[in-house]
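**Student:** Please find model_6.cif (mmCIF, C-alpha atoms, pLDDT in the B column; chains and numbers go by the auth columns) on the next line:
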data_work
#
loop_
_atom_site.group_PDB
_atom_site.id
_atom_site.type_symbol
_atom_site.label_atom_id
_atom_site.label_comp_id
_atom_site.label_asym_id
_atom_site.label_seq_id
_atom_site.Cartn_x
_atom_site.Cartn_y
_atom_site.Cartn_z
_atom_site.B_iso_or_equiv
_atom_site.auth_seq_id
_atom_site.auth_asym_id
ATOM 1 C CA MET A 1 99.403 81.243 82.398 41.00 1 A
ATOM 2 C CA GLU A 2 100.276 83.149 79.271 47.00 2 A
ATOM 3 C CA SER A 3 99.550 86.430 80.994 47.00 3 A
ATOM 4 C CA MET A 4 101.966 85.659 83.796 50.00 4 A
ATOM 5 C CA LEU A 5 104.858 85.769 81.393 57.00 5 A
ATOM 6 C CA HIS A 6 104.045 89.127 79.873 66.00 6 A
ATOM 7 C CA ILE A 7 104.940 92.409 81.482 70.00 7 A
ATOM 8 C CA THR A 8 101.683 94.323 81.638 74.00 8 A
ATOM 9 C CA THR A 9 100.882 97.885 82.584 77.00 9 A
ATOM 10 C CA LEU A 10 100.176 96.696 86.097 80.00 10 A
ATOM 11 C CA HIS A 11 103.771 95.643 86.638 80.00 11 A
ATOM 12 C CA TYR A 12 105.010 99.063 85.613 84.00 12 A
ATOM 13 C CA LEU A 13 102.501 100.701 87.926 85.00 13 A
ATOM 14 C CA VAL A 14 103.631 98.550 90.856 84.00 14 A
ATOM 15 C CA LEU A 15 107.234 99.450 90.114 86.00 15 A
ATOM 16 C CA GLY A 16 106.285 103.129 89.925 87.00 16 A
ATOM 17 C CA ALA A 17 104.417 102.918 93.230 87.00 17 A
ATOM 18 C CA ALA A 18 107.395 101.268 94.932 87.00 18 A
ATOM 19 C CA LEU A 19 109.735 103.926 93.575 88.00 19 A
ATOM 20 C CA PHE A 20 107.359 106.670 94.724 90.00 20 A
ATOM 21 C CA LEU A 21 107.170 105.130 98.188 88.00 21 A
ATOM 22 C CA LEU A 22 110.956 104.962 98.482 87.00 22 A
ATOM 23 C CA GLY A 23 111.171 108.599 97.441 87.00 23 A
ATOM 24 C CA VAL A 24 108.581 109.607 100.030 89.00 24 A
ATOM 25 C CA ILE A 25 110.452 107.721 102.752 86.00 25 A
ATOM 26 C CA GLY A 26 113.646 109.475 101.725 84.00 26 A
ATOM 27 C CA VAL A 27 112.031 112.924 101.772 86.00 27 A
ATOM 28 C CA LEU A 28 110.353 112.411 105.135 85.00 28 A
ATOM 29 C CA THR A 29 113.155 110.766 107.089 84.00 29 A
ATOM 30 C CA ARG A 30 116.552 111.841 105.814 80.00 30 A
ATOM 31 C CA ARG A 31 118.519 114.666 107.330 78.00 31 A
ATOM 32 C CA ASN A 32 120.827 115.734 104.540 80.00 32 A
ATOM 33 C CA VAL A 33 119.192 118.262 102.203 82.00 33 A
ATOM 34 C CA VAL A 34 121.059 116.918 99.164 84.00 34 A
ATOM 35 C CA ILE A 35 119.620 113.447 99.707 84.00 35 A
ATOM 36 C CA VAL A 36 116.155 114.941 100.199 86.00 36 A
ATOM 37 C CA LEU A 37 116.470 116.614 96.795 88.00 37 A
ATOM 38 C CA MET A 38 117.588 113.309 95.257 87.00 38 A
ATOM 39 C CA SER A 39 114.531 111.633 96.768 88.00 39 A
ATOM 40 C CA ILE A 40 112.364 114.265 95.095 91.00 40 A
ATOM 41 C CA GLU A 41 113.997 113.247 91.816 89.00 41 A
ATOM 42 C CA LEU A 42 113.013 109.653 92.614 88.00 42 A
ATOM 43 C CA ILE A 43 109.390 110.720 93.092 92.00 43 A
ATOM 44 C CA LEU A 44 109.354 112.593 89.783 92.00 44 A
ATOM 45 C CA ASN A 45 110.847 109.553 88.084 91.00 45 A
ATOM 46 C CA ALA A 46 108.085 107.359 89.468 91.00 46 A
ATOM 47 C CA VAL A 47 105.520 109.753 87.973 92.00 47 A
ATOM 48 C CA ASN A 48 107.359 109.637 84.646 91.00 48 A
ATOM 49 C CA LEU A 49 107.343 105.859 84.662 90.00 49 A
ATOM 50 C CA ASN A 50 103.579 105.824 85.176 90.00 50 A
ATOM 51 C CA LEU A 51 103.049 108.379 82.418 91.00 51 A
ATOM 52 C CA VAL A 52 105.070 106.405 79.890 89.00 52 A
ATOM 53 C CA ALA A 53 103.427 103.125 80.933 87.00 53 A
ATOM 54 C CA PHE A 54 99.962 104.591 80.412 86.00 54 A
ATOM 55 C CA SER A 55 101.077 106.088 77.137 85.00 55 A
ATOM 56 C CA ARG A 56 102.059 102.582 76.029 82.00 56 A
ATOM 57 C CA MET A 57 98.759 101.202 77.273 80.00 57 A
ATOM 58 C CA TRP A 58 96.664 103.619 75.243 79.00 58 A
ATOM 59 C CA GLY A 59 98.918 103.525 72.242 75.00 59 A
ATOM 60 C CA GLY A 60 99.319 107.296 72.076 76.00 60 A
ATOM 61 C CA LEU A 61 102.235 109.594 72.658 81.00 61 A
ATOM 62 C CA HIS A 62 100.654 112.168 74.985 84.00 62 A
ATOM 63 C CA GLY A 63 102.149 110.461 78.025 84.00 63 A
ATOM 64 C CA GLN A 64 105.635 110.665 76.587 86.00 64 A
ATOM 65 C CA VAL A 65 105.231 114.365 75.805 88.00 65 A
ATOM 66 C CA PHE A 66 104.081 114.928 79.381 89.00 66 A
ATOM 67 C CA ALA A 67 107.053 112.918 80.654 89.00 67 A
ATOM 68 C CA ILE A 68 109.335 115.301 78.784 89.00 68 A
ATOM 69 C CA PHE A 69 107.608 118.268 80.432 90.00 69 A
ATOM 70 C CA VAL A 70 108.030 116.608 83.831 91.00 70 A
ATOM 71 C CA ILE A 71 111.745 116.121 83.119 90.00 71 A
ATOM 72 C CA THR A 72 111.970 119.831 82.283 90.00 72 A
ATOM 73 C CA ASP A 73 110.311 120.721 85.562 90.00 73 A
ATOM 74 C CA ALA A 74 112.644 118.366 87.420 90.00 74 A
ATOM 75 C CA ALA A 75 115.650 120.113 85.905 89.00 75 A
ATOM 76 C CA ALA A 76 114.318 123.542 86.890 90.00 76 A
ATOM 77 C CA GLU A 77 113.469 122.300 90.379 89.00 77 A
ATOM 78 C CA ALA A 78 116.923 120.772 90.866 88.00 78 A
ATOM 79 C CA ALA A 79 118.656 123.968 89.748 87.00 79 A
ATOM 80 C CA VAL A 80 116.624 126.235 92.026 88.00 80 A
ATOM 81 C CA GLY A 81 116.730 123.790 94.944 87.00 81 A
ATOM 82 C CA LEU A 82 120.476 123.423 94.789 86.00 82 A
ATOM 83 C CA GLY A 83 120.841 127.211 94.482 85.00 83 A
ATOM 84 C CA ILE A 84 118.788 127.626 97.647 85.00 84 A
ATOM 85 C CA LEU A 85 120.911 124.938 99.290 84.00 85 A
ATOM 86 C CA ILE A 86 124.122 126.801 98.449 84.00 86 A
ATOM 87 C CA ALA A 87 122.715 130.058 99.828 83.00 87 A
ATOM 88 C CA PHE A 88 121.600 128.260 102.977 82.00 88 A
ATOM 89 C CA PHE A 89 124.962 126.562 103.398 82.00 89 A
ATOM 90 C CA ARG A 90 126.712 129.901 103.097 80.00 90 A
ATOM 91 C CA ASN A 91 124.590 131.321 105.910 78.00 91 A
ATOM 92 C CA LYS A 92 124.521 128.416 108.345 75.00 92 A
ATOM 93 C CA GLU A 93 127.451 126.156 107.421 74.00 93 A
ATOM 94 C CA THR A 94 125.297 123.044 107.530 73.00 94 A
ATOM 95 C CA VAL A 95 123.176 120.845 105.284 72.00 95 A
ATOM 96 C CA ASN A 96 121.088 119.521 108.144 75.00 96 A
ATOM 97 C CA ILE A 97 117.389 119.924 107.457 73.00 97 A
ATOM 98 C CA ASP A 98 116.551 120.204 111.160 73.00 98 A
ATOM 99 C CA GLU A 99 118.335 123.537 111.347 74.00 99 A
ATOM 100 C CA VAL A 100 116.119 125.088 108.659 73.00 100 A
ATOM 101 C CA ASN A 101 113.819 126.411 111.350 72.00 101 A
ATOM 102 C CA LEU A 102 113.585 130.163 110.820 73.00 102 A
ATOM 103 C CA LEU A 103 109.851 129.946 110.206 74.00 103 A
ATOM 104 C CA LYS A 104 109.197 127.770 113.248 71.00 104 A
ATOM 105 C CA TRP A 105 107.441 129.187 116.303 64.00 105 A
ATOM 106 C CA MET B 1 116.373 99.701 89.786 63.00 1 B
ATOM 107 C CA LEU B 2 114.681 99.285 93.134 66.00 2 B
ATOM 108 C CA ILE B 3 118.000 98.266 94.660 69.00 3 B
ATOM 109 C CA GLY B 4 119.485 101.509 93.347 66.00 4 B
ATOM 110 C CA ALA B 5 116.570 103.475 94.804 66.00 5 B
ATOM 111 C CA ILE B 6 116.979 101.791 98.180 70.00 6 B
ATOM 112 C CA LEU B 7 120.679 102.611 98.126 67.00 7 B
ATOM 113 C CA VAL B 8 119.865 106.262 97.365 65.00 8 B
ATOM 114 C CA ILE B 9 117.913 106.700 100.560 65.00 9 B
ATOM 115 C CA THR B 10 120.114 104.580 102.831 67.00 10 B
ATOM 116 C CA ARG B 11 123.714 105.572 102.120 70.00 11 B
ATOM 117 C CA LYS B 12 125.418 107.879 104.574 66.00 12 B
ATOM 118 C CA ASN B 13 127.738 109.486 102.078 74.00 13 B
ATOM 119 C CA PRO B 14 125.832 111.719 99.612 75.00 14 B
ATOM 120 C CA VAL B 15 128.287 110.837 96.830 80.00 15 B
ATOM 121 C CA HIS B 16 127.335 107.163 97.160 81.00 16 B
ATOM 122 C CA SER B 17 123.687 108.199 97.040 82.00 17 B
ATOM 123 C CA ALA B 18 124.317 110.134 93.849 84.00 18 B
ATOM 124 C CA LEU B 19 126.021 107.154 92.206 84.00 19 B
ATOM 125 C CA ALA B 20 123.119 104.888 93.211 85.00 20 B
ATOM 126 C CA LEU B 21 120.734 107.467 91.757 86.00 21 B
ATOM 127 C CA ILE B 22 122.628 107.320 88.452 87.00 22 B
ATOM 128 C CA VAL B 23 122.197 103.529 88.427 85.00 23 B
ATOM 129 C CA THR B 24 118.478 103.996 89.081 87.00 24 B
ATOM 130 C CA LEU B 25 118.097 106.527 86.282 88.00 25 B
ATOM 131 C CA LEU B 26 119.907 104.343 83.752 87.00 26 B
ATOM 132 C CA ALA B 27 117.734 101.360 84.717 87.00 27 B
ATOM 133 C CA GLN B 28 114.689 103.542 84.208 88.00 28 B
ATOM 134 C CA ALA B 29 115.953 104.578 80.785 89.00 29 B
ATOM 135 C CA SER B 30 116.118 100.890 79.839 87.00 30 B
ATOM 136 C CA ILE B 31 112.544 100.479 81.053 87.00 31 B
ATOM 137 C CA TYR B 32 111.530 103.346 78.758 87.00 32 B
ATOM 138 C CA LEU B 33 113.132 101.447 75.901 86.00 33 B
ATOM 139 C CA MET B 34 111.064 98.414 76.857 83.00 34 B
ATOM 140 C CA LEU B 35 107.988 100.653 76.672 82.00 35 B
ATOM 141 C CA TYR B 36 108.855 101.755 73.117 81.00 36 B
ATOM 142 C CA ALA B 37 109.781 105.264 74.165 82.00 37 B
ATOM 143 C CA PRO B 38 113.315 105.734 72.796 84.00 38 B
ATOM 144 C CA PHE B 39 113.146 109.519 72.753 86.00 39 B
ATOM 145 C CA VAL B 40 112.189 109.749 76.418 86.00 40 B
ATOM 146 C CA ALA B 41 114.944 107.240 77.207 88.00 41 B
ATOM 147 C CA GLY B 42 117.506 109.395 75.436 89.00 42 B
ATOM 148 C CA VAL B 43 116.281 112.525 77.168 88.00 43 B
ATOM 149 C CA GLN B 44 116.434 110.658 80.472 88.00 44 B
ATOM 150 C CA ILE B 45 120.057 109.625 79.961 90.00 45 B
ATOM 151 C CA ILE B 46 121.282 112.951 78.620 90.00 46 B
ATOM 152 C CA LEU B 47 119.347 115.277 80.909 87.00 47 B
ATOM 153 C CA TYR B 48 119.091 113.302 84.140 85.00 48 B
ATOM 154 C CA ALA B 49 122.141 111.060 84.212 84.00 49 B
ATOM 155 C CA GLY B 50 124.196 113.730 82.454 87.00 50 B
ATOM 156 C CA GLY B 51 123.020 117.166 83.449 87.00 51 B
ATOM 157 C CA ILE B 52 121.198 116.961 86.749 87.00 52 B
ATOM 158 C CA MET B 53 123.608 114.466 88.292 87.00 53 B
ATOM 159 C CA VAL B 54 126.620 116.626 87.410 88.00 54 B
ATOM 160 C CA LEU B 55 124.816 119.494 89.123 87.00 55 B
ATOM 161 C CA PHE B 56 124.215 117.323 92.198 86.00 56 B
ATOM 162 C CA LEU B 57 127.838 116.207 92.334 86.00 57 B
ATOM 163 C CA PHE B 58 129.061 119.804 92.051 86.00 58 B
ATOM 164 C CA VAL B 59 126.841 120.872 94.914 84.00 59 B
ATOM 165 C CA ILE B 60 127.932 117.870 96.997 83.00 60 B
ATOM 166 C CA MET B 61 131.523 118.945 96.451 82.00 61 B
ATOM 167 C CA LEU B 62 130.694 122.536 97.391 80.00 62 B
ATOM 168 C CA VAL B 63 128.773 121.817 100.561 77.00 63 B
ATOM 169 C CA SER B 64 130.247 118.497 101.668 67.00 64 B
ATOM 170 C CA ILE B 65 131.399 118.391 105.240 65.00 65 B
ATOM 171 C CA ASP B 66 132.984 115.233 106.542 64.00 66 B
ATOM 172 C CA ARG B 67 131.347 115.358 109.914 63.00 67 B
ATOM 173 C CA SER B 68 127.868 115.060 108.404 61.00 68 B
ATOM 174 C CA VAL B 69 128.726 111.464 107.467 63.00 69 B
ATOM 175 C CA LYS B 70 129.348 110.512 111.059 62.00 70 B
ATOM 176 C CA GLU B 71 126.275 112.223 112.454 65.00 71 B
ATOM 177 C CA ARG B 72 122.781 110.849 112.859 65.00 72 B
ATOM 178 C CA GLN B 73 121.242 110.379 109.428 63.00 73 B
ATOM 179 C CA LEU B 74 117.560 110.672 110.322 69.00 74 B
ATOM 180 C CA ASN B 75 115.904 113.965 111.027 67.00 75 B
ATOM 181 C CA SER B 76 114.009 114.772 114.189 71.00 76 B
ATOM 182 C CA GLN B 77 110.573 113.859 112.864 76.00 77 B
ATOM 183 C CA TRP B 78 111.474 110.557 111.241 78.00 78 B
ATOM 184 C CA ILE B 79 108.959 108.552 113.300 82.00 79 B
ATOM 185 C CA VAL B 80 106.060 110.645 112.033 83.00 80 B
ATOM 186 C CA GLY B 81 107.540 110.437 108.561 83.00 81 B
ATOM 187 C CA MET B 82 107.736 106.666 108.655 85.00 82 B
ATOM 188 C CA ILE B 83 104.156 106.434 109.903 88.00 83 B
ATOM 189 C CA ALA B 84 102.974 108.630 107.043 87.00 84 B
ATOM 190 C CA ALA B 85 104.990 106.625 104.524 86.00 85 B
ATOM 191 C CA THR B 86 103.578 103.375 105.888 88.00 86 B
ATOM 192 C CA ALA B 87 100.072 104.784 105.548 90.00 87 B
ATOM 193 C CA LEU B 88 100.856 105.695 101.948 89.00 88 B
ATOM 194 C CA GLY B 89 102.161 102.169 101.321 88.00 89 B
ATOM 195 C CA GLY B 90 98.969 100.725 102.796 89.00 90 B
ATOM 196 C CA LEU B 91 96.955 102.967 100.509 89.00 91 B
ATOM 197 C CA PHE B 92 98.927 101.745 97.504 86.00 92 B
ATOM 198 C CA ILE B 93 98.364 98.115 98.496 87.00 93 B
ATOM 199 C CA ALA B 94 94.631 98.757 98.962 86.00 94 B
ATOM 200 C CA VAL B 95 94.400 100.379 95.529 85.00 95 B
ATOM 201 C CA PHE B 96 96.350 97.472 94.054 82.00 96 B
ATOM 202 C CA MET B 97 93.986 94.916 95.573 81.00 97 B
ATOM 203 C CA LYS B 98 90.953 96.867 94.401 80.00 98 B
ATOM 204 C CA GLY B 99 91.941 97.629 90.867 74.00 99 B
ATOM 205 C CA LYS B 100 94.427 95.047 89.703 71.00 100 B
ATOM 206 C CA ASN B 101 92.031 93.478 87.249 71.00 101 B
ATOM 207 C CA ILE B 102 90.948 96.522 85.310 72.00 102 B
ATOM 208 C CA PHE B 103 93.991 96.711 83.089 70.00 103 B
ATOM 209 C CA PRO B 104 94.143 94.938 79.735 65.00 104 B
ATOM 210 C CA GLU B 105 96.407 91.944 79.656 63.00 105 B
ATOM 211 C CA HIS B 106 98.112 92.765 76.407 63.00 106 B
ATOM 212 C CA ALA B 107 99.224 96.172 75.325 60.00 107 B
ATOM 213 C CA LEU B 108 98.393 97.503 71.917 65.00 108 B
ATOM 214 C CA PRO B 109 100.883 96.601 69.251 65.00 109 B
ATOM 215 C CA VAL B 110 102.662 99.819 68.445 63.00 110 B
ATOM 216 C CA ILE B 111 104.835 100.165 65.382 62.00 111 B
ATOM 217 C CA GLU B 112 107.373 102.690 66.589 61.00 112 B
ATOM 218 C CA ASN B 113 109.929 103.459 63.982 68.00 113 B
ATOM 219 C CA ASP B 114 109.320 107.212 63.920 76.00 114 B
ATOM 220 C CA ASN B 115 108.794 107.833 67.609 75.00 115 B
ATOM 221 C CA THR B 116 110.991 110.915 67.776 79.00 116 B
ATOM 222 C CA GLN B 117 109.265 112.521 64.798 81.00 117 B
ATOM 223 C CA LYS B 118 105.828 111.955 66.278 81.00 118 B
ATOM 224 C CA VAL B 119 106.871 113.327 69.659 81.00 119 B
ATOM 225 C CA ALA B 120 108.369 116.396 68.006 83.00 120 B
ATOM 226 C CA THR B 121 105.259 116.993 65.909 83.00 121 B
ATOM 227 C CA MET B 122 103.123 116.802 69.020 82.00 122 B
ATOM 228 C CA LEU B 123 105.469 118.983 71.051 82.00 123 B
ATOM 229 C CA TYR B 124 105.529 121.753 68.470 86.00 124 B
ATOM 230 C CA GLY B 125 101.945 121.339 67.325 84.00 125 B
ATOM 231 C CA GLN B 126 99.382 120.379 69.903 85.00 126 B
ATOM 232 C CA TYR B 127 101.475 121.252 72.935 86.00 127 B
ATOM 233 C CA MET B 128 102.993 124.467 71.578 87.00 128 B
ATOM 234 C CA PHE B 129 101.685 126.644 74.405 88.00 129 B
ATOM 235 C CA ALA B 130 102.857 124.250 77.117 87.00 130 B
ATOM 236 C CA PHE B 131 106.246 124.126 75.403 89.00 131 B
ATOM 237 C CA GLU B 132 106.555 127.903 75.549 90.00 132 B
ATOM 238 C CA ILE B 133 105.495 127.912 79.189 90.00 133 B
ATOM 239 C CA ALA B 134 108.168 125.294 79.918 89.00 134 B
ATOM 240 C CA SER B 135 110.827 127.430 78.275 90.00 135 B
ATOM 241 C CA LEU B 136 109.676 130.414 80.328 92.00 136 B
ATOM 242 C CA LEU B 137 109.886 128.239 83.446 91.00 137 B
ATOM 243 C CA LEU B 138 113.446 127.290 82.581 90.00 138 B
ATOM 244 C CA LEU B 139 114.356 130.960 82.117 92.00 139 B
ATOM 245 C CA VAL B 140 112.886 131.813 85.520 91.00 140 B
ATOM 246 C CA ALA B 141 114.747 128.851 87.059 89.00 141 B
ATOM 247 C CA ILE B 142 118.063 130.004 85.566 89.00 142 B
ATOM 248 C CA ILE B 143 117.584 133.522 86.942 90.00 143 B
ATOM 249 C CA GLY B 144 116.454 132.158 90.299 87.00 144 B
ATOM 250 C CA ALA B 145 119.400 129.795 90.621 85.00 145 B
ATOM 251 C CA VAL B 146 121.884 132.526 89.743 85.00 146 B
ATOM 252 C CA VAL B 147 120.329 134.975 92.192 86.00 147 B
ATOM 253 C CA MET B 148 120.233 132.341 94.945 80.00 148 B
ATOM 254 C CA ALA B 149 123.836 131.302 94.453 76.00 149 B
ATOM 255 C CA LYS B 150 125.160 134.861 94.256 77.00 150 B
ATOM 256 C CA LYS B 151 127.148 136.042 97.208 71.00 151 B
ATOM 257 C CA ARG B 152 125.707 139.535 97.323 66.00 152 B
ATOM 258 C CA ILE B 153 122.700 140.714 95.376 58.00 153 B
#
In C-alpha cells, write the structure found in this file.
**Tutor:**
Amino acid sequence: MESMLHITTLHYLVLGAALFLLGVIGVLTRRNVVIVLMSIELILNAVNLNLVAFSRMWGGLHGQVFAIFVITDAAAEAAVGLGILIAFFRNKETVNIDEVNLLKW
Amino acid sequence: MLIGAILVITRKNPVHSALALIVTLLAQASIYLMLYAPFVAGVQIILYAGGIMVLFLFVIMLVSIDRSVKERQLNSQWIVGMIAATALGGLFIAVFMKGKNIFPEHALPVIENDNTQKVATMLYGQYMFAFEIASLLLLVAIIGAVVMAKKRI
C-alpha cells in the first residue's frame, strides 16, 4: 500500500511511453509539416524524460548529461528542419506533407 | 502534460499547437524538478520553451496560410500510420506487463544541493569529447539553416 503512494521510476516510464506514442501518432498522421516537427519534439522529450528518470533511479548524473546532449540535438534538428520547411514553402507555396513527393515513383 | 501533448497533435491551427507544446514543455520541466534535476529543468525552460518555441512561432508566421486550417488535417497515409502507432502501443503495453516488477520501489536518496556543479564537472571532464562534437553539430546546423533559408545560394 505504501508503494502505491510513491511515484516510482515505472510511473515516469509509463508517462514517457505515452508521450512517445502521442508523438508517433502526430508524426504519422498529421498533414502540416510544422505540426510534424512539433511531434518530433514530443518524441525527443519522451526520451529525455526516460533518461532523467533512469538517472534518478541509479543515483548518477550521466542521464542528465545525456538529456542535455539530446536537447542540443533537438535544437539543431529544429533549426535545420524549419530552414528546410522555409525553402520548401518558397518553392511550392504549401506546408502540406503530401505534396513533398519529388522522390516518389 | 498529456493533455497538452494531445492538444499538440489535434489542433487545426498550428499556433494553438505551439501554445499547447509550450504547456507540455513547462509541465515536463516541473517533472524534472521532481526528479531532482534542476539544471535540466532550467535548460528545458530556457532552450525549449524560450528558444525553440520562438523559432517555431516565427516559422508559423512566415509560412502560415489560412486555407490550411480549413483543409483536411490528416495526410493520405493516416490509416497505415494509425495501424503502426497502435502496434507500437501494443508493444509498449506488452513490455509494461512483462517488466513492471523489475524496478525498485524506492529511489535512492540523493542529496542534490550542487547538481549544477556536478553536471558541469561531468560535461567538461568525462564527456569533453561529446561536448565538442555537440558544438560542432550546432555549428553545422547554423550553417545548414542559413543556407536552407537563403533565397539564392
**Student:** Set the distance at 12 Å and use only C-alpha atoms: which residues neighbour A:Phe69 once local chain neighbours fewer than 4 positions away are removed? I'd like the list as a PyMOL selection string.
**Tutor:** (chain A and resi 44+47-48+51+62-65+73-76) or (chain B and resi 40+43-44+119+123+127-135+137-138)
**Student:** So, with all atoms listed in the file as the atoms that count, which of A:Gly81, A:Phe88, A:Ile7, A:Arg31 lies closest to chain B?
**Tutor:** A:Arg31
**Student:** Which of these residues is nearest to chain A, using only C-alpha atoms: B:Ala18, B:Val23, B:Ala94, B:Leu136?
**Tutor:**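 Checking each of B:Ala18, B:Val23, B:Ala94, B:Leu136 against chain A, counting only C-alpha atoms, the winner is B:Ala18.
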**Student:** Kindly determine which residues of chain A lie within 6 Å of chain B, considering only C-alpha atoms, and give the answer as a list in words.
**Tutor:**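 Within 6 Å of chain B on chain A, we get Ile25, Gly26, Leu28, Thr29, Arg30, Arg31, Met57, Ala76, Ala79, Val80, Gly83, Ile84 and Ala87 of chain A.
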**Student:** Atom CA of A:Ala46 to atom CA of A:Ala17: how many Å, to one decimal?
**Tutor:** 6.9 Å
**Student:** Report, in Å to a single decimal, how far apart atom CA of A:Gly16 and atom CA of A:Ser39 are.
**Tutor:**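 If I compute the distance from atom CA of A:Ser39 to atom CA of A:Gly16, I get 13.7 Å.
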**Student:** For atom CA of B:Ile45 and atom CA of A:Val52, quote the distance in Å rounded to one decimal.
**Tutor:**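 Distance reported for this atom pair: 15.3 Å.
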**Student:** Nearest to A:Phe66: which of A:Leu19, A:Ile40, A:Val100, A:Ala53 is it, counting only C-alpha atoms?
**Tutor:** A:Ala53
**Student:** Using only C-alpha atoms, pick whichever of A:Leu61, A:Val70, A:Leu42, A:Val36 has the shortest atom-to-atom distance to A:Leu85.
**Tutor:**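 Using only C-alpha atoms, the shortest distance to A:Leu85 belongs to A:Val36.
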**Student:** I'd like the box whose edges run along x, y and z of the file and which contains every listed atom of stretch 119-134 of chain B, padded by 4 Å per side; could you state its centre and edge lengths in Å, one decimal, as lines of an AutoDock Vina configuration file?
**Tutor:**
center_x = 103.9
center_y = 120.6
center_z = 72.9
size_x = 17.0
size_y = 22.6
size_z = 22.0
**Student:** Could you pull stretch 39-68 of chain A out of the block above and save it with C-alpha atoms, as a PDB file, in the first residue's frame?
**Tutor:**
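Ended up saving to selection16.pdb:
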ATOM      1  CA  SER A  39       5.585  15.967 -32.752  1.00  0.00           C
ATOM      2  CA  ILE A  40       9.255  15.120 -33.247  1.00  0.00           C
ATOM      3  CA  GLU A  41       9.987  17.468 -30.348  1.00  0.00           C
ATOM      4  CA  LEU A  42       7.447  15.497 -28.303  1.00  0.00           C
ATOM      5  CA  ILE A  43       9.279  12.256 -29.097  1.00  0.00           C
ATOM      6  CA  LEU A  44      12.632  13.732 -28.076  1.00  0.00           C
ATOM      7  CA  ASN A  45      11.064  14.978 -24.859  1.00  0.00           C
ATOM      8  CA  ALA A  46       9.794  11.497 -24.069  1.00  0.00           C
ATOM      9  CA  VAL A  47      13.345  10.173 -24.489  1.00  0.00           C
ATOM     10  CA  ASN A  48      14.636  12.929 -22.208  1.00  0.00           C
ATOM     11  CA  LEU A  49      12.085  12.061 -19.560  1.00  0.00           C
ATOM     12  CA  ASN A  50      13.207   8.432 -19.592  1.00  0.00           C
ATOM     13  CA  LEU A  51      16.866   9.427 -19.400  1.00  0.00           C
ATOM     14  CA  VAL A  52      16.332  11.669 -16.390  1.00  0.00           C
ATOM     15  CA  ALA A  53      14.107   9.083 -14.686  1.00  0.00           C
ATOM     16  CA  PHE A  54      16.773   6.405 -15.067  1.00  0.00           C
ATOM     17  CA  SER A  55      19.401   8.840 -13.899  1.00  0.00           C
ATOM     18  CA  ARG A  56      17.348   9.320 -10.730  1.00  0.00           C
ATOM     19  CA  MET A  57      16.925   5.573 -10.370  1.00  0.00           C
ATOM     20  CA  TRP A  58      20.644   4.862 -10.467  1.00  0.00           C
ATOM     21  CA  GLY A  59      21.584   7.896  -8.464  1.00  0.00           C
ATOM     22  CA  GLY A  60      24.075   9.164 -11.033  1.00  0.00           C
ATOM     23  CA  LEU A  61      24.122  12.163 -13.297  1.00  0.00           C
ATOM     24  CA  HIS A  62      25.016  10.525 -16.622  1.00  0.00           C
ATOM     25  CA  GLY A  63      21.376  10.514 -17.689  1.00  0.00           C
ATOM     26  CA  GLN A  64      21.056  14.230 -17.101  1.00  0.00           C
ATOM     27  CA  VAL A  65      24.198  14.947 -19.118  1.00  0.00           C
ATOM     28  CA  PHE A  66      22.785  12.842 -21.946  1.00  0.00           C
ATOM     29  CA  ALA A  67      19.472  14.698 -21.672  1.00  0.00           C
ATOM     30  CA  ILE A  68      21.362  17.942 -22.213  1.00  0.00           C
TER      31      ILE A  68
END
